[in-house]
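Shown below: my_file-v8.cif, with mmCIF, N, CA and C atoms.
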```
data_input
loop_
_atom_site.label_atom_id
_atom_site.label_comp_id
_atom_site.auth_asym_id
_atom_site.auth_seq_id
_atom_site.Cartn_x
_atom_site.Cartn_y
_atom_site.Cartn_z
N GLN A 1 -38.46 20.81 -22.17
CA GLN A 1 -39.48 19.90 -22.64
C GLN A 1 -40.09 20.38 -23.95
N GLN A 2 -40.25 21.69 -24.09
CA GLN A 2 -40.81 22.23 -25.32
C GLN A 2 -39.84 22.02 -26.48
N ARG A 3 -38.53 22.18 -26.20
CA ARG A 3 -37.53 21.98 -27.25
C ARG A 3 -37.52 20.53 -27.71
N VAL A 4 -37.65 19.61 -26.76
CA VAL A 4 -37.66 18.19 -27.11
C VAL A 4 -38.88 17.87 -27.95
N ALA A 5 -40.03 18.43 -27.57
CA ALA A 5 -41.26 18.20 -28.33
C ALA A 5 -41.13 18.75 -29.76
N MET A 6 -40.51 19.94 -29.88
CA MET A 6 -40.32 20.52 -31.21
C MET A 6 -39.36 19.67 -32.04
N LEU A 7 -38.28 19.20 -31.43
CA LEU A 7 -37.33 18.33 -32.13
C LEU A 7 -38.00 17.03 -32.55
N ASN A 8 -38.82 16.47 -31.66
CA ASN A 8 -39.53 15.23 -32.00
C ASN A 8 -40.46 15.43 -33.19
N SER A 9 -41.14 16.58 -33.23
CA SER A 9 -42.05 16.82 -34.35
C SER A 9 -41.27 17.01 -35.65
N ILE A 10 -40.09 17.65 -35.59
CA ILE A 10 -39.26 17.80 -36.79
C ILE A 10 -38.75 16.44 -37.25
N VAL A 11 -38.28 15.65 -36.32
CA VAL A 11 -37.78 14.31 -36.66
C VAL A 11 -38.92 13.48 -37.24
N HIS A 12 -40.13 13.61 -36.69
CA HIS A 12 -41.28 12.86 -37.21
C HIS A 12 -41.59 13.25 -38.65
N ILE A 13 -41.46 14.54 -38.96
CA ILE A 13 -41.69 14.99 -40.34
C ILE A 13 -40.61 14.43 -41.25
N VAL A 14 -39.35 14.49 -40.80
CA VAL A 14 -38.23 14.04 -41.64
C VAL A 14 -38.28 12.55 -41.86
N VAL A 15 -38.60 11.79 -40.84
CA VAL A 15 -38.56 10.33 -40.94
C VAL A 15 -39.98 9.79 -40.90
N ARG A 16 -40.80 10.22 -41.81
CA ARG A 16 -42.17 9.74 -41.86
C ARG A 16 -42.16 8.39 -42.57
N GLU A 17 -42.30 7.38 -41.79
CA GLU A 17 -42.35 6.00 -42.27
C GLU A 17 -41.14 5.66 -43.13
N GLY A 18 -39.97 6.19 -42.75
CA GLY A 18 -38.73 5.81 -43.42
C GLY A 18 -38.41 6.59 -44.67
N THR A 19 -39.28 7.50 -45.10
CA THR A 19 -38.99 8.27 -46.31
C THR A 19 -39.08 9.75 -45.97
N ALA A 20 -38.18 10.53 -46.53
CA ALA A 20 -38.19 11.97 -46.31
C ALA A 20 -39.10 12.63 -47.34
N THR A 21 -39.88 13.60 -46.89
CA THR A 21 -40.82 14.28 -47.77
C THR A 21 -40.22 15.58 -48.28
N THR A 22 -40.85 16.17 -49.27
CA THR A 22 -40.41 17.46 -49.80
C THR A 22 -40.48 18.53 -48.73
N GLU A 23 -41.53 18.49 -47.90
CA GLU A 23 -41.67 19.46 -46.82
C GLU A 23 -40.52 19.35 -45.84
N ALA A 24 -40.10 18.12 -45.57
CA ALA A 24 -39.00 17.90 -44.64
C ALA A 24 -37.70 18.48 -45.19
N TYR A 25 -37.44 18.24 -46.48
CA TYR A 25 -36.23 18.80 -47.09
C TYR A 25 -36.27 20.33 -47.04
N PHE A 26 -37.44 20.89 -47.29
CA PHE A 26 -37.59 22.34 -47.25
C PHE A 26 -37.32 22.88 -45.85
N LEU A 27 -37.91 22.24 -44.82
CA LEU A 27 -37.71 22.68 -43.44
C LEU A 27 -36.26 22.55 -43.01
N VAL A 28 -35.62 21.45 -43.36
CA VAL A 28 -34.22 21.24 -42.97
C VAL A 28 -33.34 22.27 -43.66
N THR A 29 -33.59 22.54 -44.95
CA THR A 29 -32.81 23.54 -45.68
C THR A 29 -33.02 24.93 -45.09
N LEU A 30 -34.26 25.27 -44.78
CA LEU A 30 -34.56 26.55 -44.16
C LEU A 30 -33.88 26.69 -42.81
N PHE A 31 -33.90 25.62 -42.03
CA PHE A 31 -33.25 25.62 -40.72
C PHE A 31 -31.73 25.79 -40.88
N ASP A 32 -31.13 25.13 -41.85
CA ASP A 32 -29.69 25.26 -42.10
C ASP A 32 -29.32 26.68 -42.49
N ILE A 33 -30.12 27.30 -43.33
CA ILE A 33 -29.87 28.68 -43.74
C ILE A 33 -29.96 29.61 -42.53
N LEU A 34 -30.94 29.40 -41.68
CA LEU A 34 -31.10 30.21 -40.48
C LEU A 34 -29.89 30.06 -39.56
N ILE A 35 -29.42 28.85 -39.35
CA ILE A 35 -28.26 28.62 -38.50
C ILE A 35 -27.01 29.29 -39.09
N CYS A 36 -26.83 29.19 -40.41
CA CYS A 36 -25.68 29.84 -41.07
C CYS A 36 -25.74 31.35 -40.91
N CYS A 37 -26.91 31.93 -41.08
CA CYS A 37 -27.06 33.38 -40.92
C CYS A 37 -26.75 33.82 -39.50
N CYS A 38 -27.21 33.06 -38.52
CA CYS A 38 -26.93 33.38 -37.12
C CYS A 38 -25.43 33.30 -36.83
N CYS A 39 -24.77 32.28 -37.36
CA CYS A 39 -23.32 32.13 -37.14
C CYS A 39 -22.56 33.28 -37.78
N ILE A 40 -22.93 33.67 -38.98
CA ILE A 40 -22.26 34.78 -39.66
C ILE A 40 -22.49 36.08 -38.89
N ALA A 41 -23.71 36.31 -38.42
CA ALA A 41 -24.01 37.52 -37.66
C ALA A 41 -23.22 37.57 -36.37
N MET A 42 -23.07 36.43 -35.70
CA MET A 42 -22.29 36.40 -34.45
C MET A 42 -20.82 36.69 -34.73
N CYS A 43 -20.27 36.15 -35.80
CA CYS A 43 -18.87 36.41 -36.15
C CYS A 43 -18.66 37.89 -36.50
N LEU A 44 -19.59 38.46 -37.24
CA LEU A 44 -19.45 39.86 -37.62
C LEU A 44 -19.65 40.80 -36.44
N SER A 45 -20.42 40.38 -35.44
CA SER A 45 -20.62 41.24 -34.27
C SER A 45 -19.33 41.40 -33.47
N CYS A 46 -18.41 40.46 -33.62
CA CYS A 46 -17.11 40.56 -32.94
C CYS A 46 -16.28 41.72 -33.49
N VAL A 47 -16.51 42.11 -34.73
CA VAL A 47 -15.75 43.21 -35.33
C VAL A 47 -16.57 44.50 -35.37
N GLY A 48 -17.65 44.58 -34.61
CA GLY A 48 -18.43 45.79 -34.49
C GLY A 48 -19.59 45.90 -35.47
N PHE A 49 -19.92 44.84 -36.16
CA PHE A 49 -21.05 44.85 -37.10
C PHE A 49 -22.32 44.51 -36.37
N SER A 50 -23.38 45.22 -36.68
CA SER A 50 -24.69 44.94 -36.11
C SER A 50 -25.63 44.53 -37.23
N VAL A 51 -26.56 43.66 -36.93
CA VAL A 51 -27.54 43.23 -37.93
C VAL A 51 -28.33 44.44 -38.42
N ARG A 52 -28.52 45.42 -37.55
CA ARG A 52 -29.26 46.62 -37.93
C ARG A 52 -28.47 47.52 -38.88
N ASP A 53 -27.22 47.20 -39.16
CA ASP A 53 -26.45 47.94 -40.16
C ASP A 53 -26.95 47.65 -41.57
N VAL A 54 -27.68 46.57 -41.74
CA VAL A 54 -28.24 46.22 -43.04
C VAL A 54 -29.59 46.92 -43.19
N LYS A 55 -29.71 47.72 -44.25
CA LYS A 55 -30.91 48.54 -44.43
C LYS A 55 -32.18 47.71 -44.48
N ALA A 56 -32.15 46.57 -45.17
CA ALA A 56 -33.35 45.73 -45.28
C ALA A 56 -33.79 45.21 -43.91
N VAL A 57 -32.83 44.88 -43.05
CA VAL A 57 -33.17 44.40 -41.70
C VAL A 57 -33.78 45.53 -40.89
N ARG A 58 -33.18 46.73 -40.98
CA ARG A 58 -33.74 47.88 -40.25
C ARG A 58 -35.18 48.13 -40.66
N GLU A 59 -35.43 48.14 -41.97
CA GLU A 59 -36.79 48.40 -42.45
C GLU A 59 -37.76 47.29 -42.04
N ALA A 60 -37.30 46.05 -42.05
CA ALA A 60 -38.17 44.94 -41.63
C ALA A 60 -38.51 45.06 -40.14
N LEU A 61 -37.53 45.41 -39.32
CA LEU A 61 -37.78 45.55 -37.88
C LEU A 61 -38.74 46.70 -37.59
N ARG A 62 -38.64 47.79 -38.37
CA ARG A 62 -39.58 48.90 -38.20
C ARG A 62 -40.98 48.48 -38.66
N HIS A 63 -41.05 47.76 -39.77
CA HIS A 63 -42.34 47.33 -40.32
C HIS A 63 -43.05 46.36 -39.37
N MET A 64 -42.27 45.50 -38.69
CA MET A 64 -42.85 44.53 -37.76
C MET A 64 -43.07 45.12 -36.37
N HIS A 65 -42.78 46.41 -36.20
CA HIS A 65 -42.95 47.13 -34.94
C HIS A 65 -42.06 46.58 -33.82
N VAL A 66 -40.92 45.99 -34.19
CA VAL A 66 -39.94 45.58 -33.18
C VAL A 66 -39.23 46.82 -32.67
N ASP A 67 -38.84 47.71 -33.59
CA ASP A 67 -38.23 48.99 -33.23
C ASP A 67 -39.27 50.08 -33.45
N ARG A 68 -39.42 50.93 -32.45
CA ARG A 68 -40.46 51.96 -32.53
C ARG A 68 -40.01 53.21 -33.28
N PHE A 69 -38.69 53.45 -33.35
CA PHE A 69 -38.19 54.68 -33.96
C PHE A 69 -37.07 54.37 -34.95
N ASP A 70 -36.95 55.24 -35.98
CA ASP A 70 -35.80 55.20 -36.87
C ASP A 70 -34.61 55.82 -36.13
N SER A 71 -33.43 55.71 -36.71
CA SER A 71 -32.25 56.37 -36.14
C SER A 71 -32.44 57.88 -36.22
N PHE A 72 -31.88 58.60 -35.24
CA PHE A 72 -32.01 60.05 -35.22
C PHE A 72 -30.83 60.67 -34.48
N GLU A 73 -30.65 61.96 -34.69
CA GLU A 73 -29.59 62.70 -34.01
C GLU A 73 -30.17 63.38 -32.79
N GLN A 74 -29.55 63.17 -31.64
CA GLN A 74 -30.02 63.73 -30.38
C GLN A 74 -29.05 64.82 -29.94
N VAL A 75 -29.57 66.01 -29.67
CA VAL A 75 -28.75 67.11 -29.17
C VAL A 75 -29.15 67.36 -27.72
N ILE A 76 -28.18 67.25 -26.82
CA ILE A 76 -28.41 67.49 -25.39
C ILE A 76 -27.51 68.63 -24.97
N VAL A 77 -28.10 69.68 -24.42
CA VAL A 77 -27.31 70.82 -23.95
C VAL A 77 -27.08 70.65 -22.46
N VAL A 78 -25.80 70.52 -22.10
CA VAL A 78 -25.43 70.37 -20.69
C VAL A 78 -25.13 71.77 -20.17
N HIS A 79 -25.96 72.23 -19.24
CA HIS A 79 -25.78 73.57 -18.68
C HIS A 79 -24.94 73.52 -17.41
N GLU A 80 -25.41 72.76 -16.43
CA GLU A 80 -24.74 72.79 -15.13
C GLU A 80 -24.93 71.46 -14.43
N VAL A 81 -23.91 71.06 -13.67
CA VAL A 81 -23.99 69.87 -12.83
C VAL A 81 -23.74 70.31 -11.39
N VAL A 82 -24.68 69.99 -10.52
CA VAL A 82 -24.57 70.35 -9.11
C VAL A 82 -24.23 69.10 -8.32
N VAL A 83 -23.12 69.14 -7.58
CA VAL A 83 -22.70 68.01 -6.75
C VAL A 83 -22.48 68.49 -5.33
N LYS A 84 -22.46 67.54 -4.41
CA LYS A 84 -22.17 67.88 -3.02
C LYS A 84 -20.74 68.39 -2.91
N PRO A 85 -20.49 69.30 -1.98
CA PRO A 85 -19.11 69.80 -1.81
C PRO A 85 -18.16 68.66 -1.45
N TYR A 86 -16.97 68.72 -2.04
CA TYR A 86 -15.95 67.70 -1.81
C TYR A 86 -14.83 68.33 -1.00
N GLN A 87 -14.47 67.72 0.13
CA GLN A 87 -13.49 68.32 1.03
C GLN A 87 -12.05 68.13 0.56
N GLY A 88 -11.83 67.30 -0.43
CA GLY A 88 -10.47 67.05 -0.90
C GLY A 88 -9.98 68.07 -1.90
N GLY A 89 -10.75 69.08 -2.21
CA GLY A 89 -10.34 70.08 -3.19
C GLY A 89 -11.25 70.07 -4.41
N ALA A 90 -10.72 70.57 -5.50
CA ALA A 90 -11.50 70.68 -6.74
C ALA A 90 -11.68 69.31 -7.38
N ILE A 91 -12.81 69.15 -8.05
CA ILE A 91 -13.11 67.91 -8.76
C ILE A 91 -13.16 68.22 -10.26
N ASP A 92 -12.56 67.37 -11.05
CA ASP A 92 -12.69 67.49 -12.50
C ASP A 92 -14.01 66.81 -12.90
N LEU A 93 -14.91 67.61 -13.45
CA LEU A 93 -16.22 67.07 -13.84
C LEU A 93 -16.32 67.00 -15.36
N TYR A 94 -16.86 65.87 -15.82
CA TYR A 94 -17.15 65.66 -17.23
C TYR A 94 -18.54 65.04 -17.32
N VAL A 95 -19.21 65.26 -18.42
CA VAL A 95 -20.50 64.62 -18.67
C VAL A 95 -20.37 63.82 -19.96
N ARG A 96 -20.76 62.53 -19.89
CA ARG A 96 -20.71 61.67 -21.07
C ARG A 96 -22.12 61.19 -21.38
N VAL A 97 -22.50 61.30 -22.65
CA VAL A 97 -23.79 60.82 -23.13
C VAL A 97 -23.52 59.65 -24.06
N SER A 98 -24.12 58.49 -23.76
CA SER A 98 -23.90 57.28 -24.57
C SER A 98 -25.24 56.77 -25.08
N ALA A 99 -25.22 56.33 -26.35
CA ALA A 99 -26.40 55.72 -26.96
C ALA A 99 -25.91 54.58 -27.85
N GLY A 100 -25.92 53.37 -27.31
CA GLY A 100 -25.42 52.22 -28.07
C GLY A 100 -23.93 52.32 -28.30
N ARG A 101 -23.50 52.33 -29.57
CA ARG A 101 -22.08 52.41 -29.91
C ARG A 101 -21.56 53.85 -29.95
N GLU A 102 -22.43 54.82 -29.88
CA GLU A 102 -22.05 56.23 -29.99
C GLU A 102 -21.94 56.87 -28.62
N GLN A 103 -21.02 57.83 -28.50
CA GLN A 103 -20.93 58.60 -27.26
C GLN A 103 -20.32 59.97 -27.52
N ALA A 104 -20.60 60.91 -26.64
CA ALA A 104 -20.05 62.26 -26.70
C ALA A 104 -19.70 62.67 -25.27
N VAL A 105 -18.60 63.43 -25.13
CA VAL A 105 -18.11 63.83 -23.81
C VAL A 105 -17.86 65.33 -23.82
N THR A 106 -18.22 65.99 -22.72
CA THR A 106 -17.93 67.42 -22.58
C THR A 106 -16.45 67.61 -22.26
N THR A 107 -16.01 68.85 -22.36
CA THR A 107 -14.69 69.19 -21.85
C THR A 107 -14.81 69.38 -20.35
N LYS A 108 -13.69 69.54 -19.68
CA LYS A 108 -13.70 69.71 -18.22
C LYS A 108 -14.52 70.95 -17.86
N GLY A 109 -15.44 70.77 -16.91
CA GLY A 109 -16.30 71.88 -16.51
C GLY A 109 -15.76 72.57 -15.28
N ASP A 110 -15.62 73.89 -15.36
CA ASP A 110 -15.17 74.68 -14.21
C ASP A 110 -16.36 74.94 -13.29
N MET A 111 -16.24 74.51 -12.07
CA MET A 111 -17.28 74.71 -11.05
C MET A 111 -18.61 74.08 -11.46
N GLY A 112 -18.58 73.07 -12.32
CA GLY A 112 -19.79 72.36 -12.71
C GLY A 112 -20.61 73.03 -13.79
N ILE A 113 -20.10 74.11 -14.39
CA ILE A 113 -20.83 74.81 -15.45
C ILE A 113 -20.19 74.43 -16.79
N PHE A 114 -21.03 73.98 -17.72
CA PHE A 114 -20.52 73.46 -18.98
C PHE A 114 -20.95 74.32 -20.18
N GLU A 115 -22.26 74.56 -20.33
CA GLU A 115 -22.80 75.29 -21.47
C GLU A 115 -22.33 74.69 -22.79
N GLN A 116 -22.44 73.37 -22.91
CA GLN A 116 -21.99 72.68 -24.11
C GLN A 116 -23.09 71.81 -24.69
N PRO A 117 -23.29 71.86 -26.00
CA PRO A 117 -24.20 70.91 -26.63
C PRO A 117 -23.46 69.61 -26.96
N LEU A 118 -24.07 68.50 -26.65
CA LEU A 118 -23.51 67.19 -27.00
C LEU A 118 -24.43 66.57 -28.05
N VAL A 119 -23.84 66.13 -29.16
CA VAL A 119 -24.60 65.55 -30.25
C VAL A 119 -24.29 64.06 -30.32
N VAL A 120 -25.33 63.24 -30.24
CA VAL A 120 -25.17 61.79 -30.27
C VAL A 120 -26.12 61.22 -31.32
N TRP A 121 -25.61 60.31 -32.15
CA TRP A 121 -26.44 59.62 -33.12
C TRP A 121 -27.06 58.41 -32.43
N VAL A 122 -28.38 58.38 -32.28
CA VAL A 122 -29.09 57.29 -31.63
C VAL A 122 -29.57 56.34 -32.72
N GLU A 123 -28.95 55.17 -32.77
CA GLU A 123 -29.29 54.20 -33.81
C GLU A 123 -30.62 53.52 -33.49
N GLN A 124 -31.28 53.08 -34.54
CA GLN A 124 -32.53 52.34 -34.39
C GLN A 124 -32.29 51.11 -33.53
N GLY A 125 -33.15 50.87 -32.55
CA GLY A 125 -33.04 49.70 -31.70
C GLY A 125 -32.31 49.95 -30.40
N VAL A 126 -31.72 51.13 -30.21
CA VAL A 126 -31.05 51.45 -28.94
C VAL A 126 -32.14 51.69 -27.90
N PRO A 127 -32.11 50.93 -26.79
CA PRO A 127 -33.22 51.03 -25.83
C PRO A 127 -33.22 52.29 -24.96
N PHE A 128 -32.04 52.90 -24.74
CA PHE A 128 -31.99 54.08 -23.87
C PHE A 128 -30.74 54.90 -24.16
N VAL A 129 -30.79 56.15 -23.73
CA VAL A 129 -29.64 57.05 -23.79
C VAL A 129 -29.15 57.20 -22.37
N ARG A 130 -27.85 56.98 -22.16
CA ARG A 130 -27.28 57.00 -20.80
C ARG A 130 -26.47 58.28 -20.62
N ILE A 131 -26.65 58.94 -19.48
CA ILE A 131 -25.91 60.16 -19.14
C ILE A 131 -25.11 59.88 -17.88
N ASP A 132 -23.78 60.02 -17.98
CA ASP A 132 -22.87 59.78 -16.86
C ASP A 132 -22.15 61.07 -16.50
N VAL A 133 -21.95 61.29 -15.19
CA VAL A 133 -21.17 62.44 -14.70
C VAL A 133 -19.85 61.89 -14.17
#
```

Same coordinates, now as C-alpha cells:
Amino acid sequence: QQRVAMLNSIVHIVVREGTATTEAYFLVTLFDILICCCCIAMCLSCVGFSVRDVKAVREALRHMHVDRFDSFEQVIVVHEVVVKPYQGGAIDLYVRVSAGREQAVTTKGDMGIFEQPLVVWVEQGVPFVRIDV
C-alpha cells in the first residue's frame, strides 16, 4: 500500500493537469540514474565486485555511520582445539577463519595443537568474523 501511494504521488507530480513540470523531469531522471546504478552494481556483483570496492562509497558509508569501522587486518592465534574423544581413530583438525570474501586456514593440527597465527583482512561492512573447526 505504501508503494502504491508513493507511485501515485510520483504520477501526480509527473501528470499535473496534463503537463510535466521541471521537478517531475528531474525526479524521473534521478530515478532512472538510480535504477541504472543498481543494475550495474548487481551485474558487477556476479563477478566478485562489491560496491564497497569504490573508495568514495566506502568513505560515504563511514561518514553516514552505516559502517562503524574501516577495513583492518585481524590476526588470530590458534593455540589449541579441544574436542570430545572420537572412537573411530584420529581426526584431521583444521581451523578456518572467514571474514566476508577473505579466509585463512591452518595446517593439519596434531592432537588439536596448532600454534599458528591466521591473518585475515576484514573489509569495511563485514558484520562478523566466523571461526570454523

Atomic separation - atom C of Gln74 of chain A relative to atom CA of Pro117 of chain A, Å: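 Pair atom CA of Pro117 of chain A / atom C of Gln74 of chain A returns 8.5 Å.
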
Atom N of Glu123 of chain A to atom C of Glu59 of chain A, straight-line distance in Å: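 Atom-to-atom, atom C of Glu59 of chain A to atom N of Glu123 of chain A, that is 15.0 Å.
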
Residue members of the PyMOL selection byres ((chain A and resi 72) around 8) in the file shown, as a list of chain:residue names: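 With the PyMOL selection byres ((chain A and resi 72) around 8) on this model, the match is A:Phe69, A:Asp70, A:Ser71, A:Glu73, A:Gln74, A:Val75, A:Val120, A:Trp121, A:Val122, A:Glu123, A:Gln124.
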
Shell of 12 Å around Gln116 of chain A, only C-alpha atoms, local chain residues under 3 positions omitted, as a list in words: Val75, Ile76, Val77, Val78, His79, Glu80, Val81, Tyr94, Val95, Arg96, Ala104, Val105, Thr106, Thr107, Lys108, Gly109, Gly112, Ile113 and Val119 of chain A

Within 12 Å of Ser50 of chain A using only C-alpha atoms, minus same-chain residues under 5 positions, as a list in words: Cys38, Ile40, Ala41, Met42, Cys43, Leu44, Ser45, Lys55, Val57, Arg58, Gly100, Arg101, Glu123, Gln124, Gly125 and Val126 of chain A

As a JSON list (two decimals) with N, CA and C atoms, in the frame of the given file, please: every residue in segment 26-126 of chain A that DSSP puts in alpha helix (DSSP H).
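Output file part.json follows:
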```json
[["chain", "number", "residue", "atom", "x", "y", "z"],
["A", 26, "PHE", "N", -37.44, 20.89, -47.29],
["A", 26, "PHE", "CA", -37.59, 22.34, -47.25],
["A", 26, "PHE", "C", -37.32, 22.88, -45.85],
["A", 27, "LEU", "N", -37.91, 22.24, -44.82],
["A", 27, "LEU", "CA", -37.71, 22.68, -43.44],
["A", 27, "LEU", "C", -36.26, 22.55, -43.01],
["A", 28, "VAL", "N", -35.62, 21.45, -43.36],
["A", 28, "VAL", "CA", -34.22, 21.24, -42.97],
["A", 28, "VAL", "C", -33.34, 22.27, -43.66],
["A", 29, "THR", "N", -33.59, 22.54, -44.95],
["A", 29, "THR", "CA", -32.81, 23.54, -45.68],
["A", 29, "THR", "C", -33.02, 24.93, -45.09],
["A", 30, "LEU", "N", -34.26, 25.27, -44.78],
["A", 30, "LEU", "CA", -34.56, 26.55, -44.16],
["A", 30, "LEU", "C", -33.88, 26.69, -42.81],
["A", 31, "PHE", "N", -33.90, 25.62, -42.03],
["A", 31, "PHE", "CA", -33.25, 25.62, -40.72],
["A", 31, "PHE", "C", -31.73, 25.79, -40.88],
["A", 32, "ASP", "N", -31.13, 25.13, -41.85],
["A", 32, "ASP", "CA", -29.69, 25.26, -42.10],
["A", 32, "ASP", "C", -29.32, 26.68, -42.49],
["A", 33, "ILE", "N", -30.12, 27.30, -43.33],
["A", 33, "ILE", "CA", -29.87, 28.68, -43.74],
["A", 33, "ILE", "C", -29.96, 29.61, -42.53],
["A", 34, "LEU", "N", -30.94, 29.40, -41.68],
["A", 34, "LEU", "CA", -31.10, 30.21, -40.48],
["A", 34, "LEU", "C", -29.89, 30.06, -39.56],
["A", 35, "ILE", "N", -29.42, 28.85, -39.35],
["A", 35, "ILE", "CA", -28.26, 28.62, -38.50],
["A", 35, "ILE", "C", -27.01, 29.29, -39.09],
["A", 36, "CYS", "N", -26.83, 29.19, -40.41],
["A", 36, "CYS", "CA", -25.68, 29.84, -41.07],
["A", 36, "CYS", "C", -25.74, 31.35, -40.91],
["A", 37, "CYS", "N", -26.91, 31.93, -41.08],
["A", 37, "CYS", "CA", -27.06, 33.38, -40.92],
["A", 37, "CYS", "C", -26.75, 33.82, -39.50],
["A", 38, "CYS", "N", -27.21, 33.06, -38.52],
["A", 38, "CYS", "CA", -26.93, 33.38, -37.12],
["A", 38, "CYS", "C", -25.43, 33.30, -36.83],
["A", 39, "CYS", "N", -24.77, 32.28, -37.36],
["A", 39, "CYS", "CA", -23.32, 32.13, -37.14],
["A", 39, "CYS", "C", -22.56, 33.28, -37.78],
["A", 40, "ILE", "N", -22.93, 33.67, -38.98],
["A", 40, "ILE", "CA", -22.26, 34.78, -39.66],
["A", 40, "ILE", "C", -22.49, 36.08, -38.89],
["A", 41, "ALA", "N", -23.71, 36.31, -38.42],
["A", 41, "ALA", "CA", -24.01, 37.52, -37.66],
["A", 41, "ALA", "C", -23.22, 37.57, -36.37],
["A", 42, "MET", "N", -23.07, 36.43, -35.70],
["A", 42, "MET", "CA", -22.29, 36.40, -34.45],
["A", 42, "MET", "C", -20.82, 36.69, -34.73],
["A", 43, "CYS", "N", -20.27, 36.15, -35.80],
["A", 43, "CYS", "CA", -18.87, 36.41, -36.15],
["A", 43, "CYS", "C", -18.66, 37.89, -36.50],
["A", 44, "LEU", "N", -19.59, 38.46, -37.24],
["A", 44, "LEU", "CA", -19.45, 39.86, -37.62],
["A", 44, "LEU", "C", -19.65, 40.80, -36.44],
["A", 45, "SER", "N", -20.42, 40.38, -35.44],
["A", 45, "SER", "CA", -20.62, 41.24, -34.27],
["A", 45, "SER", "C", -19.33, 41.40, -33.47],
["A", 55, "LYS", "N", -29.71, 47.72, -44.25],
["A", 55, "LYS", "CA", -30.91, 48.54, -44.43],
["A", 55, "LYS", "C", -32.18, 47.71, -44.48],
["A", 56, "ALA", "N", -32.15, 46.57, -45.17],
["A", 56, "ALA", "CA", -33.35, 45.73, -45.28],
["A", 56, "ALA", "C", -33.79, 45.21, -43.91],
["A", 57, "VAL", "N", -32.83, 44.88, -43.05],
["A", 57, "VAL", "CA", -33.17, 44.40, -41.70],
["A", 57, "VAL", "C", -33.78, 45.53, -40.89],
["A", 58, "ARG", "N", -33.18, 46.73, -40.98],
["A", 58, "ARG", "CA", -33.74, 47.88, -40.25],
["A", 58, "ARG", "C", -35.18, 48.13, -40.66],
["A", 59, "GLU", "N", -35.43, 48.14, -41.97],
["A", 59, "GLU", "CA", -36.79, 48.40, -42.45],
["A", 59, "GLU", "C", -37.76, 47.29, -42.04],
["A", 60, "ALA", "N", -37.30, 46.05, -42.05],
["A", 60, "ALA", "CA", -38.17, 44.94, -41.63],
["A", 60, "ALA", "C", -38.51, 45.06, -40.14],
["A", 61, "LEU", "N", -37.53, 45.41, -39.32],
["A", 61, "LEU", "CA", -37.78, 45.55, -37.88],
["A", 61, "LEU", "C", -38.74, 46.70, -37.59],
["A", 62, "ARG", "N", -38.64, 47.79, -38.37],
["A", 62, "ARG", "CA", -39.58, 48.90, -38.20],
["A", 62, "ARG", "C", -40.98, 48.48, -38.66],
["A", 63, "HIS", "N", -41.05, 47.76, -39.77],
["A", 63, "HIS", "CA", -42.34, 47.33, -40.32],
["A", 63, "HIS", "C", -43.05, 46.36, -39.37]]
```

Separation of atom CA of Cys39 of chain A from atom CA of Ala99 of chain A in Å: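 Between atom CA of Ala99 of chain A and atom CA of Cys39 of chain A the gap works out to 25.9 Å.
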
Using only C-alpha atoms: which of A:Val97, A:His63, A:Ile91, A:Val129 has the shortest distance to Met111 of chain A: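 Result for the nearest residue to Met111 of chain A: A:Ile91.
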